[in-house]
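Next up, model-v1.txt (compact mmCIF, C-alpha atoms):
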# COMPACT_ATOMS: atom_id res chain seq x y z
CA MET A 20 220.49 73.78 156.23
CA LYS A 21 219.69 76.98 158.13
CA GLU A 22 216.98 77.49 160.74
CA PRO A 23 215.05 80.08 158.62
CA GLU A 24 214.68 77.46 155.88
CA ILE A 25 213.09 75.10 158.41
CA ASP A 26 210.88 77.91 159.73
CA ASP A 27 209.68 78.76 156.20
CA LEU A 28 208.72 75.16 155.57
CA LYS A 29 207.14 74.87 159.01
CA LYS A 30 204.94 77.88 158.24
CA LEU A 31 203.90 76.41 154.89
CA LEU A 32 203.10 73.05 156.47
CA LYS A 33 201.15 74.58 159.33
CA ASP A 34 199.14 76.76 156.95
CA SER A 35 198.14 73.76 154.85
CA LEU A 36 197.97 71.01 157.47
CA PRO A 37 196.47 72.41 160.65
CA PRO A 38 197.71 70.88 163.90
CA ALA A 39 195.62 67.98 165.15
CA HIS A 40 196.01 68.65 168.85
CA GLY A 41 192.48 70.03 169.21
CA VAL A 42 190.82 66.82 168.02
CA GLU A 43 189.30 64.81 170.85
CA LEU A 44 188.11 61.22 171.06
CA GLN A 45 184.36 61.27 170.52
CA ARG A 46 183.43 57.88 172.01
CA ASP A 47 184.50 55.42 174.65
CA LEU A 48 186.59 52.71 172.97
CA TRP A 49 186.43 50.25 175.88
CA PRO A 50 183.53 48.15 174.41
CA ALA A 51 185.52 47.76 171.18
CA MET A 52 188.63 46.86 173.19
CA LEU A 53 186.71 44.19 175.10
CA GLN A 54 185.44 42.75 171.84
CA ARG A 55 188.99 42.66 170.45
CA LEU A 56 190.32 41.00 173.60
CA ASP A 57 187.65 38.27 173.35
CA GLN A 58 188.36 37.65 169.66
CA ARG A 59 192.14 37.63 169.98
CA THR A 60 192.26 35.33 173.00
CA LEU A 61 190.26 32.70 171.12
CA ARG A 62 192.43 32.86 168.00
CA VAL A 63 195.39 30.49 167.76
CA PRO A 64 198.10 31.71 165.33
CA TRP A 65 198.70 29.50 162.27
CA TRP A 66 202.34 28.88 163.19
CA ASP A 67 201.22 27.31 166.49
CA TRP A 68 199.09 24.86 164.50
CA ALA A 69 202.04 24.23 162.15
CA LEU A 70 204.33 23.56 165.12
CA LEU A 71 201.79 21.21 166.68
CA ALA A 72 201.41 19.35 163.37
CA THR A 73 205.20 19.04 162.99
CA VAL A 74 205.59 17.67 166.52
CA ALA A 75 202.68 15.25 166.02
CA ALA A 76 204.15 14.03 162.71
CA ALA A 77 207.61 13.64 164.26
CA LEU A 78 206.19 11.61 167.14
CA TYR A 79 204.18 9.43 164.73
CA PHE A 80 207.00 8.73 162.27
CA PHE A 81 209.86 8.60 164.80
CA PRO A 82 208.41 7.15 168.00
CA GLY A 83 211.98 6.57 169.20
CA ILE A 84 212.24 10.26 170.11
CA ILE A 85 209.47 9.98 172.71
CA PRO A 86 211.73 8.64 175.52
CA ALA A 87 214.35 11.28 174.66
CA LEU A 88 211.69 13.99 174.74
CA LEU A 89 210.33 12.74 178.08
CA TYR A 90 213.86 12.60 179.47
CA HIS A 91 214.44 16.27 178.55
CA LEU A 92 211.09 17.34 179.97
CA MET B 22 198.37 46.93 195.36
CA GLU B 23 198.88 49.88 193.03
CA LEU B 24 197.08 50.03 189.69
CA LEU B 25 200.27 49.54 187.64
CA GLU B 26 201.35 46.58 189.75
CA ARG B 27 197.94 44.98 189.32
CA PHE B 28 198.15 45.54 185.56
CA ALA B 29 201.63 43.96 185.44
CA VAL B 30 200.26 40.74 186.94
CA GLY B 31 197.44 40.62 184.38
CA ASP B 32 194.49 42.12 186.29
CA VAL B 33 191.81 42.99 183.69
CA ASP B 34 190.14 45.59 185.95
CA ALA B 35 193.46 47.41 186.27
CA PHE B 36 193.86 47.25 182.49
CA GLU B 37 190.36 48.74 182.07
CA ALA B 38 191.19 51.54 184.51
CA LEU B 39 194.42 52.34 182.62
CA PHE B 40 192.56 52.15 179.30
CA ARG B 41 189.93 54.65 180.46
CA GLN B 42 192.60 56.91 181.94
CA HIS B 43 194.81 57.01 178.83
CA GLN B 44 192.61 56.33 175.77
CA GLY B 45 192.05 60.04 175.03
CA GLU B 46 195.73 60.87 175.34
CA VAL B 47 196.77 57.95 173.11
CA PHE B 48 194.12 58.89 170.52
CA ARG B 49 195.32 62.53 170.42
CA TRP B 50 198.93 61.40 170.01
CA LEU B 51 197.99 59.07 167.16
CA MET B 52 195.88 61.79 165.47
CA ARG B 53 199.04 63.89 165.27
CA ILE B 54 200.75 61.19 163.24
CA VAL B 55 197.99 59.61 161.12
CA ARG B 56 195.60 62.63 160.93
CA ASN B 57 192.54 60.44 160.39
CA ILE B 58 189.91 59.83 163.08
CA ALA B 59 188.93 56.25 162.10
CA VAL B 60 192.57 55.17 161.75
CA ALA B 61 193.54 56.84 165.03
CA GLU B 62 190.68 55.03 166.84
CA ASP B 63 191.74 51.71 165.37
CA LEU B 64 195.38 52.32 166.28
CA THR B 65 194.34 53.30 169.82
CA LEU B 66 192.83 49.82 170.17
CA GLU B 67 195.95 48.27 168.61
CA THR B 68 198.16 50.21 171.05
CA PHE B 69 196.25 48.95 174.09
CA TRP B 70 196.15 45.45 172.64
CA ARG B 71 199.97 45.51 172.35
CA MET B 72 200.16 46.93 175.87
CA HIS B 73 197.93 44.15 177.18
CA ARG B 74 200.06 41.48 175.48
CA ALA B 75 203.22 42.97 176.99
CA HIS B 76 201.88 43.37 180.54
CA ALA B 77 204.36 40.86 181.96
CA ARG B 78 207.28 42.94 180.62
CA PHE B 79 205.98 46.18 182.17
CA ASP B 80 207.98 47.36 185.15
CA PRO B 81 205.58 49.18 187.55
CA SER B 82 208.50 50.90 189.28
CA MET B 83 209.11 52.92 186.07
CA GLY B 84 205.80 54.57 186.86
CA ASN B 85 205.37 56.42 183.56
CA CYS B 86 202.65 54.49 181.81
CA GLY B 87 201.87 57.44 179.50
CA ALA B 88 205.39 57.49 178.03
CA TRP B 89 205.32 53.72 177.52
CA LEU B 90 201.96 53.99 175.76
CA ARG B 91 203.19 56.84 173.53
CA ARG B 92 206.08 54.65 172.44
CA ILE B 93 203.82 51.70 171.65
CA ALA B 94 201.39 54.03 169.85
CA THR B 95 204.17 55.60 167.76
CA ASN B 96 205.38 52.16 166.68
CA ALA B 97 201.82 51.12 165.82
CA ALA B 98 201.34 54.32 163.79
CA ILE B 99 204.63 53.81 161.92
CA ASP B 100 203.66 50.19 161.18
CA HIS B 101 200.35 51.47 159.82
CA LEU B 102 202.04 54.12 157.64
CA ARG B 103 204.47 51.49 156.37
CA HIS B 104 201.66 49.16 155.28
CA ALA B 105 199.48 51.93 153.92
CA HIS B 106 202.45 53.59 152.15
CA ARG B 107 201.90 52.04 148.74
CA GLU B 108 198.13 51.73 148.98
CA VAL B 109 196.65 55.04 150.11
CA PRO B 110 198.08 58.52 150.49
CA LEU B 111 198.32 60.21 153.89
CA PRO B 112 194.73 61.05 154.81
CA ASP B 113 193.83 64.32 156.42
CA ASP B 114 190.56 64.76 158.30
CA LEU B 115 191.38 68.25 159.44
CA PRO B 116 190.24 71.48 157.81
CA ALA B 117 192.84 73.85 156.39
CA THR B 118 193.31 77.21 158.08
CA ALA B 119 195.29 79.24 155.57
CA GLN B 120 193.97 82.52 154.24
CA GLN B 121 194.40 81.55 150.58
CA PRO B 122 191.63 81.11 147.99
CA PRO B 123 190.12 77.62 148.34
CA ALA B 124 191.24 76.26 144.94
CA GLU B 125 194.82 77.42 145.38
CA GLN B 126 194.81 76.23 148.97
CA LEU B 127 193.51 72.80 147.97
CA GLU B 128 196.16 72.43 145.29
CA LEU B 129 198.92 73.44 147.70
CA ARG B 130 197.61 71.03 150.31
CA ARG B 131 197.53 68.25 147.73
CA GLU B 132 201.16 68.94 146.78
CA ILE B 133 202.21 68.95 150.43
CA LEU B 134 200.42 65.67 151.11
CA ARG B 135 202.06 64.20 148.00
CA ALA B 136 205.48 65.37 149.20
CA MET B 137 204.76 63.96 152.67
CA ASN B 138 203.98 60.60 151.10
CA LYS B 139 207.46 60.52 149.61
CA LEU B 140 208.96 60.48 153.10
CA SER B 141 209.58 57.18 154.84
CA PRO B 142 207.03 56.48 157.61
CA ARG B 143 209.58 57.26 160.36
CA LEU B 144 210.61 60.55 158.75
CA ARG B 145 206.99 61.48 158.12
CA ALA B 146 206.10 60.88 161.76
CA VAL B 147 209.03 63.01 162.93
CA VAL B 148 208.25 65.85 160.49
CA LEU B 149 204.57 65.93 161.46
CA LEU B 150 205.29 65.83 165.18
CA ALA B 151 208.14 68.35 165.10
CA LEU B 152 207.03 70.85 162.46
CA VAL B 153 203.23 70.69 162.32
CA GLU B 154 202.39 69.74 165.90
CA GLU B 155 205.46 71.46 167.38
CA GLU B 156 206.04 68.71 169.91
CA PRO B 157 209.27 69.14 171.89
CA TYR B 158 212.18 67.12 170.48
CA GLU B 159 212.59 65.45 173.85
CA ARG B 160 209.06 64.04 173.74
CA ILE B 161 209.47 62.86 170.13
CA ALA B 162 212.79 61.22 171.01
CA GLU B 163 211.17 59.41 173.93
CA ALA B 164 208.27 58.21 171.76
CA LEU B 165 210.59 56.91 169.04
CA GLY B 166 213.20 55.49 171.39
CA ILE B 167 215.99 57.57 169.85
CA SER B 168 218.17 60.48 171.00
CA GLU B 169 217.23 64.16 170.60
CA SER B 170 220.10 64.67 168.18
CA ALA B 171 218.74 61.79 166.06
CA VAL B 172 215.36 63.59 166.01
CA LYS B 173 217.06 66.82 164.84
CA LEU B 174 218.88 64.90 162.14
CA ARG B 175 215.62 63.34 160.94
CA VAL B 176 213.92 66.74 160.89
CA PHE B 177 216.76 68.11 158.72
CA ARG B 178 216.58 65.13 156.38
CA GLY B 179 212.80 65.36 156.17
CA VAL B 180 212.90 69.10 155.48
CA ARG B 181 215.51 68.62 152.76
CA ILE B 182 213.42 65.94 151.00
CA LEU B 183 210.22 67.97 151.35
CA ARG B 184 211.82 71.15 149.98
CA LYS B 185 213.24 69.23 147.01
CA THR B 186 209.93 67.49 146.24
CA LEU B 187 207.94 70.71 146.62
CA SER B 188 210.41 72.67 144.46
CA GLU B 189 210.04 70.05 141.71
CA ALA B 190 206.28 70.55 141.92
CA GLY B 191 206.68 74.31 141.61
CA VAL B 192 206.02 75.12 145.26
CA HIS B 193 208.78 77.22 146.81
CA PRO B 194 208.66 77.46 150.58
Would you mind writing the file out in structure tokens?
Amino acid sequence: MKEPEIDDLKKLLKDSLPPAHGVELQRDLWPAMLQRLDQRTLRVPWWDWALLATVAAALYFFPGIIPALLYHL
Amino acid sequence: MELLERFAVGDVDAFEALFRQHQGEVFRWLMRIVRNIAVAEDLTLETFWRMHRAHARFDPSMGNCGAWLRRIATNAAIDHLRHAHREVPLPDDLPATAQQPPAEQLELRREILRAMNKLSPRLRAVVLLALVEEEPYERIAEALGISESAVKLRVFRGVRILRKTLSEAGVHP
């Protein structure tokens, strides 16, 4: 593909989709960020619960692994 | 201790200072890719959230927090485009500037947006940044974590797909 072909398309794109570099942020996003930080730090992912449940079940059904686990810790 | 060092050890005040320093820049970068104010604001928060989660991996001696943020933001924008790909077309909050009659201009714009939606999210991001926003290839390469020659290759591929799709729709660039 030649450069003029890219330039032609670039012109067409720029005519129809004006560049966005003049658009500025209209508000301070820090309050929203703080809110998100508070929410996310409280949330425990589902796979953590699943892992905890698996470990608890393993310890309940196979108590023999407890000494081995303690040894490795 | 320097701001970046304080951030790397998890200081929330340092994170706030970096957030206030860079939020505008991150938002403008994201606007160039997603072209929608609400989405760009949301992705700005997502970018800083990812940055906050990764604070322990940040090396303050690298010094360039802006470049690191642009890379995180680009990945967040591409993730967004990937998930939105089949649901909604590429939005565009920005007014057109061409000198054509409004109806014709609207139709052309619609065809271009439709053609853009046929590109993969990574190609679309590269095409928008390189051709519409005229960002230097070096900056795009840095933001995508690829080489400049890989950016050129993606621009060529994107242009080829766009020209083909537009030609099929009767638009000849």
Legend entry - Test item: chain A residues at most 12 Å from chain B, counting all atoms listed in the file, as a VMD selection string: chain A and resid 20 to 60
Output the selection as a PDB file, keeping the file's coordinate frame - C-alpha atoms for each residue.
ATOM      1  CA  MET A  20     220.490  73.780 156.230  1.00  0.00           C
ATOM      2  CA  LYS A  21     219.690  76.980 158.130  1.00  0.00           C
ATOM      3  CA  GLU A  22     216.980  77.490 160.740  1.00  0.00           C
ATOM      4  CA  PRO A  23     215.050  80.080 158.620  1.00  0.00           C
ATOM      5  CA  GLU A  24     214.680  77.460 155.880  1.00  0.00           C
ATOM      6  CA  ILE A  25     213.090  75.100 158.410  1.00  0.00           C
ATOM      7  CA  ASP A  26     210.880  77.910 159.730  1.00  0.00           C
ATOM      8  CA  ASP A  27     209.680  78.760 156.200  1.00  0.00           C
ATOM      9  CA  LEU A  28     208.720  75.160 155.570  1.00  0.00           C
ATOM     10  CA  LYS A  29     207.140  74.870 159.010  1.00  0.00           C
ATOM     11  CA  LYS A  30     204.940  77.880 158.240  1.00  0.00           C
ATOM     12  CA  LEU A  31     203.900  76.410 154.890  1.00  0.00           C
ATOM     13  CA  LEU A  32     203.100  73.050 156.470  1.00  0.00           C
ATOM     14  CA  LYS A  33     201.150  74.580 159.330  1.00  0.00           C
ATOM     15  CA  ASP A  34     199.140  76.760 156.950  1.00  0.00           C
ATOM     16  CA  SER A  35     198.140  73.760 154.850  1.00  0.00           C
ATOM     17  CA  LEU A  36     197.970  71.010 157.470  1.00  0.00           C
ATOM     18  CA  PRO A  37     196.470  72.410 160.650  1.00  0.00           C
ATOM     19  CA  PRO A  38     197.710  70.880 163.900  1.00  0.00           C
ATOM     20  CA  ALA A  39     195.620  67.980 165.150  1.00  0.00           C
ATOM     21  CA  HIS A  40     196.010  68.650 168.850  1.00  0.00           C
ATOM     22  CA  GLY A  41     192.480  70.030 169.210  1.00  0.00           C
ATOM     23  CA  VAL A  42     190.820  66.820 168.020  1.00  0.00           C
ATOM     24  CA  GLU A  43     189.300  64.810 170.850  1.00  0.00           C
ATOM     25  CA  LEU A  44     188.110  61.220 171.060  1.00  0.00           C
ATOM     26  CA  GLN A  45     184.360  61.270 170.520  1.00  0.00           C
ATOM     27  CA  ARG A  46     183.430  57.880 172.010  1.00  0.00           C
ATOM     28  CA  ASP A  47     184.500  55.420 174.650  1.00  0.00           C
ATOM     29  CA  LEU A  48     186.590  52.710 172.970  1.00  0.00           C
ATOM     30  CA  TRP A  49     186.430  50.250 175.880  1.00  0.00           C
ATOM     31  CA  PRO A  50     183.530  48.150 174.410  1.00  0.00           C
ATOM     32  CA  ALA A  51     185.520  47.760 171.180  1.00  0.00           C
ATOM     33  CA  MET A  52     188.630  46.860 173.190  1.00  0.00           C
ATOM     34  CA  LEU A  53     186.710  44.190 175.100  1.00  0.00           C
ATOM     35  CA  GLN A  54     185.440  42.750 171.840  1.00  0.00           C
ATOM     36  CA  ARG A  55     188.990  42.660 170.450  1.00  0.00           C
ATOM     37  CA  LEU A  56     190.320  41.000 173.600  1.00  0.00           C
ATOM     38  CA  ASP A  57     187.650  38.270 173.350  1.00  0.00           C
ATOM     39  CA  GLN A  58     188.360  37.650 169.660  1.00  0.00           C
ATOM     40  CA  ARG A  59     192.140  37.630 169.980  1.00  0.00           C
ATOM     41  CA  THR A  60     192.260  35.330 173.000  1.00  0.00           C
TER      42      THR A  60
END
Legend entry - Counting all atoms listed in the file, the residue of B:Val33, B:Asp80, B:Ala124, B:Val172 that sits nearest Glu156 of chain B: B:Val172
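For the pair atom CA of Arg103 of chain B and atom CA of Leu140 of chain B, the interatomic distance is 10.6 Å.
Atom pair atom CA of Leu165 of chain B / atom CA of Met72 of chain B: separated by 16.0 Å.
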Inset, instruction - Take atom CA of Ala59 of chain B and atom CA of Leu102 of chain B and report the distance between them in Å, one decimal. - result: 14.0 Å
Around (193.8, 53.3, 189.4) in the file's own coordinates, what residues are found within 12 Å if you use only C-alpha atoms, given back as a tab-separated table (two decimals) with C-alpha atoms, in the frame of the given file?
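out-v4.tsv was written with the following content:
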chain	number	residue	atom	x	y	z
B	22	MET	CA	198.37	46.93	195.36
B	23	GLU	CA	198.88	49.88	193.03
B	24	LEU	CA	197.08	50.03	189.69
B	25	LEU	CA	200.27	49.54	187.64
B	26	GLU	CA	201.35	46.58	189.75
B	27	ARG	CA	197.94	44.98	189.32
B	28	PHE	CA	198.15	45.54	185.56
B	32	ASP	CA	194.49	42.12	186.29
B	33	VAL	CA	191.81	42.99	183.69
B	34	ASP	CA	190.14	45.59	185.95
B	35	ALA	CA	193.46	47.41	186.27
B	36	PHE	CA	193.86	47.25	182.49
B	37	GLU	CA	190.36	48.74	182.07
B	38	ALA	CA	191.19	51.54	184.51
B	39	LEU	CA	194.42	52.34	182.62
B	40	PHE	CA	192.56	52.15	179.30
B	41	ARG	CA	189.93	54.65	180.46
B	42	GLN	CA	192.60	56.91	181.94
B	43	HIS	CA	194.81	57.01	178.83
B	86	CYS	CA	202.65	54.49	181.81
Inset, instruction - Kindly indicate which residue among B:Arg71, B:Arg78, B:His104, B:Arg91 lies nearest to Ile161 of chain B, using only C-alpha atoms for the distances. - result: B:Arg91
